[in-house]
Structure formats: C-alpha cells, structure tokens
Amino acid sequence: MRLLIANDDGVFAPGIRALADTLAIAGHEVVVVCPDRERSATGHSLTVFDPIRAEVISDRFHPSIKAWACSGTPSDCVKLALGALLEEPPDFVVSGINQGSNLGTDILYSGTVSAAMEGVIEGIPSIAISLTSFTVHDFQPAADFASRLLKALETAPLPPKMLLNVNVPALPASEIAGVVITRQGIRRYHDLFQKRIDPRGKTYYWLAGEVVEEYPQDPNQAPTDVEAIAQNLISITPLTFDLTYGQGVQELTEWLRQPTVQPLFNL
C-alpha cells in the first residue's frame, strides 16, 4: 500500500524512524512528511500567517523512503503532503510512533492524533499510534503491531470517517497481554504553574502538574483506553472528527421545550 507517515515528535524522533522503516521493509511504499522539530501538544493547529517550508531528508530512513521535514505543525504536514508533495493520495495515513501515551483527554491536545485526523478529514483511513512511555525507547513491538494492523485493514477496511487511536504498552512483545477495542477514558491533570525568575530578573511560568487517571467501571460498555494500558493490553479506540454529543442533542431538545425556556427563543 501507499502510506503517508507523520508525527509530532519531529524528524529526528526514533519512533517515526522505527515505524517508517518497518513498514518499508514489509513492502509498502512509504512517504514521510513530519515536522522539522518537536511539535508535541500542538493539537490540530494550522499555520496560516507564515509560509510553510519543506526540505527533502536523505540518509535518515530506509533507502526506499521519500522524506520531507516540514516547518509547520503535524496537521500542516499531512495537509501539505496531500495538497502539494504527493503525486497521488495514500491508502493510509499513519501518525507516530509517539513517545508517550495518547489516552483519554490527551487526544484533544495531541499532535499525533491530529495528524491522523487530518487524513480522515480528507477521506483517507488513518491510524495514530503511541508507545506509552516517555523513557522506554524500544519502538519495535509497536512498529510490528502497526504492520500487522495495516495488513488486517488491507483486507477488512475501516468504515468512513473512523480514526484508530492505538496505544501500545512499553513492554517486550512477549509481555503484552493482548489487544482490546476500547472507548476514550478519563485522564486529567492537576495543573500547576511553577513561577520562576529568568537570569534577567523577569518572571515566567512553567506548566507542570500531576496526571490523574480514572477507571469508571461499566459492564455495558467497552473498557477504557486507560484501563487497557493498566492491564498491559494494546488499546484500539475508534475516533472521529464529529464532536457532536449525541445524547446531548435529545436532552437539549427536551430542555428547549420547557415552558420557562421556550419563550426566550421565540424570535
């Protein structure tokens, strides 16, 4: 298949090299377009007030891979690839392998997920894949899983508008307990801004804090991605760019019918 590989950790990140090289060795036609530097936690931001530059990268990836380093965000990379750099659209967009998990509410900030989501917006099936550690650098189990997942999707395609957000435990392949389909969990942060003084005596703030993971148990629903990783399972969560709160549509319709509310909207 023709694959477009992106990330948010930048061109020098070991995760994207492991992913791209593994997929190239598996026989896929791989093109890499990724940021020229670290662009984590940029969400789905786009560059609109500055030019975007793309530089060809050689001697970084497998010899069969065409690669560009882009001055923009992860979403810019995919947009630029589809709109200017590629001669024909890819069969898949794969974003990663991210250094660190993308679980729960992390996906709202994630450049990794946003790069893949840009592919879905353009009608291309997409996968975001992350290794759930900031310190473990063995990306091969995650890269091998991505290769197997793509092989399965080649014969059993995804429904339209679906992105797969994959999180792989930072363990040897022999210690991973399995694969499970999950829903988005709850992963919040107790934010703390550390106040500091720079060498010139000026105040600045550094965002820090603690992560808080919640494990809501519901036997009628799939386990959460947070639960799955805690159990050493690979988590696959289907996402889409439609953020409509389905239950809320019905609840809001009923709210609008209330006698005290309805007169306020009689325009």
# chains A, B, ... in the order shown; residues from 1 in each chain; ligands from 1
call {"tool": "residues_around", "arguments": {"residues": "A:Leu3", "least_positions_apart": "5", "cutoff": "8 Å", "atoms": "only C-alpha atoms", "output": "PyMOL selection string"}}
result
chain A and resi 28-31+90-94
call {"tool": "select_by_dssp", "arguments": {"residues": "stretch 38-246 of chain A", "states": "helix (DSSP H, G or I)", "output": "VMD selection string"}}
result
chain A and resid 74 to 85 104 to 108 111 to 121 140 to 155 173 to 175 225 to 230 246
call {"tool": "residues_around", "arguments": {"residues": "A:Gly96", "least_positions_apart": "6", "cutoff": "6 Å", "atoms": "only C-alpha atoms", "output": "PDB file with N, CA, C and O atoms, in the first residue's frame"}}
result
ATOM      1  N   ASN A   7       4.194  12.612  12.226  1.00  0.00           N
ATOM      2  CA  ASN A   7       4.280  12.524  13.688  1.00  0.00           C
ATOM      3  C   ASN A   7       4.242  13.928  14.270  1.00  0.00           C
ATOM      4  O   ASN A   7       4.060  14.911  13.545  1.00  0.00           O
ATOM      5  N   ILE A  16       9.365   7.554  14.736  1.00  0.00           N
ATOM      6  CA  ILE A  16       8.949   7.627  13.331  1.00  0.00           C
ATOM      7  C   ILE A  16       9.900   6.832  12.451  1.00  0.00           C
ATOM      8  O   ILE A  16       9.481   6.222  11.457  1.00  0.00           O
ATOM      9  N   ILE A 129      -0.592   6.075  16.441  1.00  0.00           N
ATOM     10  CA  ILE A 129      -0.029   5.020  17.295  1.00  0.00           C
ATOM     11  C   ILE A 129       1.000   5.612  18.246  1.00  0.00           C
ATOM     12  O   ILE A 129       1.826   6.438  17.856  1.00  0.00           O
TER      13      ILE A 129
END
call {"tool": "select_by_dssp", "arguments": {"residues": "stretch 2-235 of chain A", "states": "strand (DSSP E or B)", "output": "NGL selection string"}}
result
:A and (2-6 or 29-35 or 54-56 or 66-70 or 92-99 or 126-131 or 163-168 or 178-181 or 183 or 186-197 or 203-214 or 224 or 233-235)
call {"tool": "closest_residue", "arguments": {"among": "A:Pro125, A:Pro216, A:Gly178, A:Gly10", "to": "A:Val32", "atoms": "only C-alpha atoms"}}
result
A:Gly10
call {"tool": "residues_around", "arguments": {"residues": "A:Ile52", "least_positions_apart": "4", "cutoff": "10 Å", "atoms": "only C-alpha atoms", "output": "list in words"}}
result
Thr47, Val48, Cys70, Ser71, Gly72, Thr73, Asp76, Cys77 and Leu80 of chain A
call {"tool": "write_last_selection", "arguments": {"atoms": "N, CA and C atoms", "output": "PDB file, in the first residue's frame"}}
result
ATOM      1  N   THR A  47      -0.837  26.377  10.310  1.00  0.00           N
ATOM      2  CA  THR A  47      -0.057  27.593  10.069  1.00  0.00           C
ATOM      3  C   THR A  47      -0.745  28.392   8.973  1.00  0.00           C
ATOM      4  N   VAL A  48      -1.224  29.594   9.318  1.00  0.00           N
ATOM      5  CA  VAL A  48      -1.961  30.402   8.331  1.00  0.00           C
ATOM      6  C   VAL A  48      -1.350  31.788   8.115  1.00  0.00           C
ATOM      7  N   CYS A  70       9.095  19.318   7.520  1.00  0.00           N
ATOM      8  CA  CYS A  70       8.205  20.460   7.285  1.00  0.00           C
ATOM      9  C   CYS A  70       8.311  21.437   8.450  1.00  0.00           C
ATOM     10  N   SER A  71       8.274  22.720   8.134  1.00  0.00           N
ATOM     11  CA  SER A  71       8.384  23.745   9.180  1.00  0.00           C
ATOM     12  C   SER A  71       7.093  23.935   9.964  1.00  0.00           C
ATOM     13  N   GLY A  72       6.008  23.299   9.542  1.00  0.00           N
ATOM     14  CA  GLY A  72       4.714  23.517  10.170  1.00  0.00           C
ATOM     15  C   GLY A  72       4.372  22.516  11.253  1.00  0.00           C
ATOM     16  N   THR A  73       3.098  22.490  11.609  1.00  0.00           N
ATOM     17  CA  THR A  73       2.567  21.600  12.646  1.00  0.00           C
ATOM     18  C   THR A  73       2.324  20.206  12.067  1.00  0.00           C
ATOM     19  N   ASP A  76      -0.313  20.477   9.513  1.00  0.00           N
ATOM     20  CA  ASP A  76       0.260  21.083   8.309  1.00  0.00           C
ATOM     21  C   ASP A  76       0.966  20.039   7.451  1.00  0.00           C
ATOM     22  N   CYS A  77       1.703  19.144   8.108  1.00  0.00           N
ATOM     23  CA  CYS A  77       2.486  18.136   7.375  1.00  0.00           C
ATOM     24  C   CYS A  77       1.586  17.284   6.491  1.00  0.00           C
ATOM     25  N   LEU A  80      -0.030  19.483   3.709  1.00  0.00           N
ATOM     26  CA  LEU A  80       0.937  19.804   2.666  1.00  0.00           C
ATOM     27  C   LEU A  80       1.249  18.578   1.809  1.00  0.00           C
TER      28      LEU A  80
END
call {"tool": "atom_distance", "arguments": {"atom1": "atom CA of A:Leu158", "atom2": "atom CA of A:Ser133"}}
result
27.7 Å
call {"tool": "closest_residue", "arguments": {"among": "A:Leu164, A:Pro14, A:Met117, A:Gly104", "to": "A:Glu227", "atoms": "only C-alpha atoms"}}
result
A:Gly104
call {"tool": "atom_distance", "arguments": {"atom1": "atom CA of A:Val33", "atom2": "atom CA of A:Thr155"}}
result
25.9 Å
call {"tool": "residues_around", "arguments": {"residues": "A:Arg60", "least_positions_apart": "3", "cutoff": "12 Å", "atoms": "only C-alpha atoms", "output": "PDB file with N, CA, C and O atoms, in the first residue's frame"}}
result
ATOM      1  N   VAL A  11      11.394  15.017  12.964  1.00  0.00           N
ATOM      2  CA  VAL A  11      12.065  14.125  12.018  1.00  0.00           C
ATOM      3  C   VAL A  11      13.147  13.270  12.677  1.00  0.00           C
ATOM      4  O   VAL A  11      13.452  12.177  12.197  1.00  0.00           O
ATOM      5  N   PHE A  12      13.707  13.748  13.776  1.00  0.00           N
ATOM      6  CA  PHE A  12      14.794  13.011  14.412  1.00  0.00           C
ATOM      7  C   PHE A  12      14.308  12.054  15.502  1.00  0.00           C
ATOM      8  O   PHE A  12      15.124  11.414  16.176  1.00  0.00           O
ATOM      9  N   ALA A  13      12.992  11.953  15.687  1.00  0.00           N
ATOM     10  CA  ALA A  13      12.453  11.067  16.719  1.00  0.00           C
ATOM     11  C   ALA A  13      12.645   9.600  16.324  1.00  0.00           C
ATOM     12  O   ALA A  13      12.383   9.225  15.175  1.00  0.00           O
ATOM     13  N   PRO A  14      13.100   8.764  17.250  1.00  0.00           N
ATOM     14  CA  PRO A  14      13.306   7.348  16.904  1.00  0.00           C
ATOM     15  C   PRO A  14      12.020   6.619  16.569  1.00  0.00           C
ATOM     16  O   PRO A  14      12.029   5.630  15.830  1.00  0.00           O
ATOM     17  N   ILE A  16       9.365   7.554  14.736  1.00  0.00           N
ATOM     18  CA  ILE A  16       8.949   7.627  13.331  1.00  0.00           C
ATOM     19  C   ILE A  16       9.900   6.832  12.451  1.00  0.00           C
ATOM     20  O   ILE A  16       9.481   6.222  11.457  1.00  0.00           O
ATOM     21  N   ARG A  17      11.158   6.799  12.820  1.00  0.00           N
ATOM     22  CA  ARG A  17      12.112   6.009  12.037  1.00  0.00           C
ATOM     23  C   ARG A  17      11.798   4.519  12.144  1.00  0.00           C
ATOM     24  O   ARG A  17      11.805   3.794  11.131  1.00  0.00           O
ATOM     25  N   ALA A  18      11.500   4.049  13.352  1.00  0.00           N
ATOM     26  CA  ALA A  18      11.157   2.635  13.532  1.00  0.00           C
ATOM     27  C   ALA A  18       9.905   2.277  12.747  1.00  0.00           C
ATOM     28  O   ALA A  18       9.842   1.227  12.090  1.00  0.00           O
ATOM     29  N   ALA A  20       8.445   3.938  10.056  1.00  0.00           N
ATOM     30  CA  ALA A  20       8.604   4.061   8.610  1.00  0.00           C
ATOM     31  C   ALA A  20       9.466   2.940   8.053  1.00  0.00           C
ATOM     32  O   ALA A  20       9.133   2.316   7.031  1.00  0.00           O
ATOM     33  N   ASP A  21      10.587   2.647   8.707  1.00  0.00           N
ATOM     34  CA  ASP A  21      11.485   1.607   8.209  1.00  0.00           C
ATOM     35  C   ASP A  21      10.816   0.231   8.257  1.00  0.00           C
ATOM     36  O   ASP A  21      10.950  -0.573   7.326  1.00  0.00           O
ATOM     37  N   VAL A  32       7.389   9.912   4.096  1.00  0.00           N
ATOM     38  CA  VAL A  32       7.390  10.566   5.404  1.00  0.00           C
ATOM     39  C   VAL A  32       7.324  12.079   5.203  1.00  0.00           C
ATOM     40  O   VAL A  32       8.115  12.648   4.448  1.00  0.00           O
ATOM     41  N   VAL A  56      13.741  18.213   1.688  1.00  0.00           N
ATOM     42  CA  VAL A  56      13.950  16.787   1.463  1.00  0.00           C
ATOM     43  C   VAL A  56      14.991  16.277   2.453  1.00  0.00           C
ATOM     44  O   VAL A  56      16.024  16.908   2.687  1.00  0.00           O
ATOM     45  N   ILE A  57      14.703  15.119   3.058  1.00  0.00           N
ATOM     46  CA  ILE A  57      15.595  14.495   4.027  1.00  0.00           C
ATOM     47  C   ILE A  57      16.172  13.222   3.416  1.00  0.00           C
ATOM     48  O   ILE A  57      15.435  12.372   2.910  1.00  0.00           O
ATOM     49  N   PRO A  63      16.308   3.269   2.522  1.00  0.00           N
ATOM     50  CA  PRO A  63      16.609   3.871   1.212  1.00  0.00           C
ATOM     51  C   PRO A  63      15.402   4.025   0.287  1.00  0.00           C
ATOM     52  O   PRO A  63      15.404   4.900  -0.589  1.00  0.00           O
ATOM     53  N   SER A  64      14.373   3.214   0.452  1.00  0.00           N
ATOM     54  CA  SER A  64      13.207   3.298  -0.431  1.00  0.00           C
ATOM     55  C   SER A  64      12.248   4.422  -0.051  1.00  0.00           C
ATOM     56  O   SER A  64      11.313   4.721  -0.797  1.00  0.00           O
ATOM     57  N   ILE A  65      12.467   5.066   1.093  1.00  0.00           N
ATOM     58  CA  ILE A  65      11.513   6.047   1.626  1.00  0.00           C
ATOM     59  C   ILE A  65      11.841   7.449   1.129  1.00  0.00           C
ATOM     60  O   ILE A  65      12.988   7.890   1.192  1.00  0.00           O
ATOM     61  N   LYS A  66      10.807   8.139   0.652  1.00  0.00           N
ATOM     62  CA  LYS A  66      10.918   9.563   0.370  1.00  0.00           C
ATOM     63  C   LYS A  66      10.508  10.330   1.625  1.00  0.00           C
ATOM     64  O   LYS A  66       9.469  10.020   2.220  1.00  0.00           O
ATOM     65  N   ALA A  67      11.292  11.327   2.005  1.00  0.00           N
ATOM     66  CA  ALA A  67      11.021  12.012   3.269  1.00  0.00           C
ATOM     67  C   ALA A  67      11.213  13.512   3.145  1.00  0.00           C
ATOM     68  O   ALA A  67      12.136  13.975   2.470  1.00  0.00           O
ATOM     69  N   TRP A  68      10.323  14.247   3.810  1.00  0.00           N
ATOM     70  CA  TRP A  68      10.428  15.702   3.907  1.00  0.00           C
ATOM     71  C   TRP A  68      10.311  16.109   5.377  1.00  0.00           C
ATOM     72  O   TRP A  68       9.533  15.520   6.143  1.00  0.00           O
ATOM     73  N   ALA A  69      11.055  17.142   5.758  1.00  0.00           N
ATOM     74  CA  ALA A  69      10.895  17.795   7.056  1.00  0.00           C
ATOM     75  C   ALA A  69      10.182  19.115   6.810  1.00  0.00           C
ATOM     76  O   ALA A  69      10.620  19.920   5.983  1.00  0.00           O
TER      77      ALA A  69
END
call {"tool": "residues_around", "arguments": {"residues": "A:His190", "least_positions_apart": "4", "cutoff": "8 Å", "atoms": "only C-alpha atoms", "output": "PyMOL selection string"}}
result
chain A and resi 209-212
call {"tool": "closest_residue", "arguments": {"among": "A:Leu207, A:Leu153, A:Val180, A:Ala84", "to": "A:Phe193", "atoms": "only C-alpha atoms"}}
result
A:Leu207
call {"tool": "atom_distance", "arguments": {"atom1": "atom CA of A:Val120", "atom2": "atom CA of A:Gly100"}}
result
22.4 Å
call {"tool": "residues_around", "arguments": {"residues": "A:Ile181", "least_positions_apart": "4", "cutoff": "10 Å", "atoms": "only C-alpha atoms", "output": "count of residues only"}}
result
13
call {"tool": "closest_residue", "arguments": {"among": "A:Val168, A:Leu243, A:Leu4, A:Ala128", "to": "A:Ala116", "atoms": "only C-alpha atoms"}}
result
A:Ala128
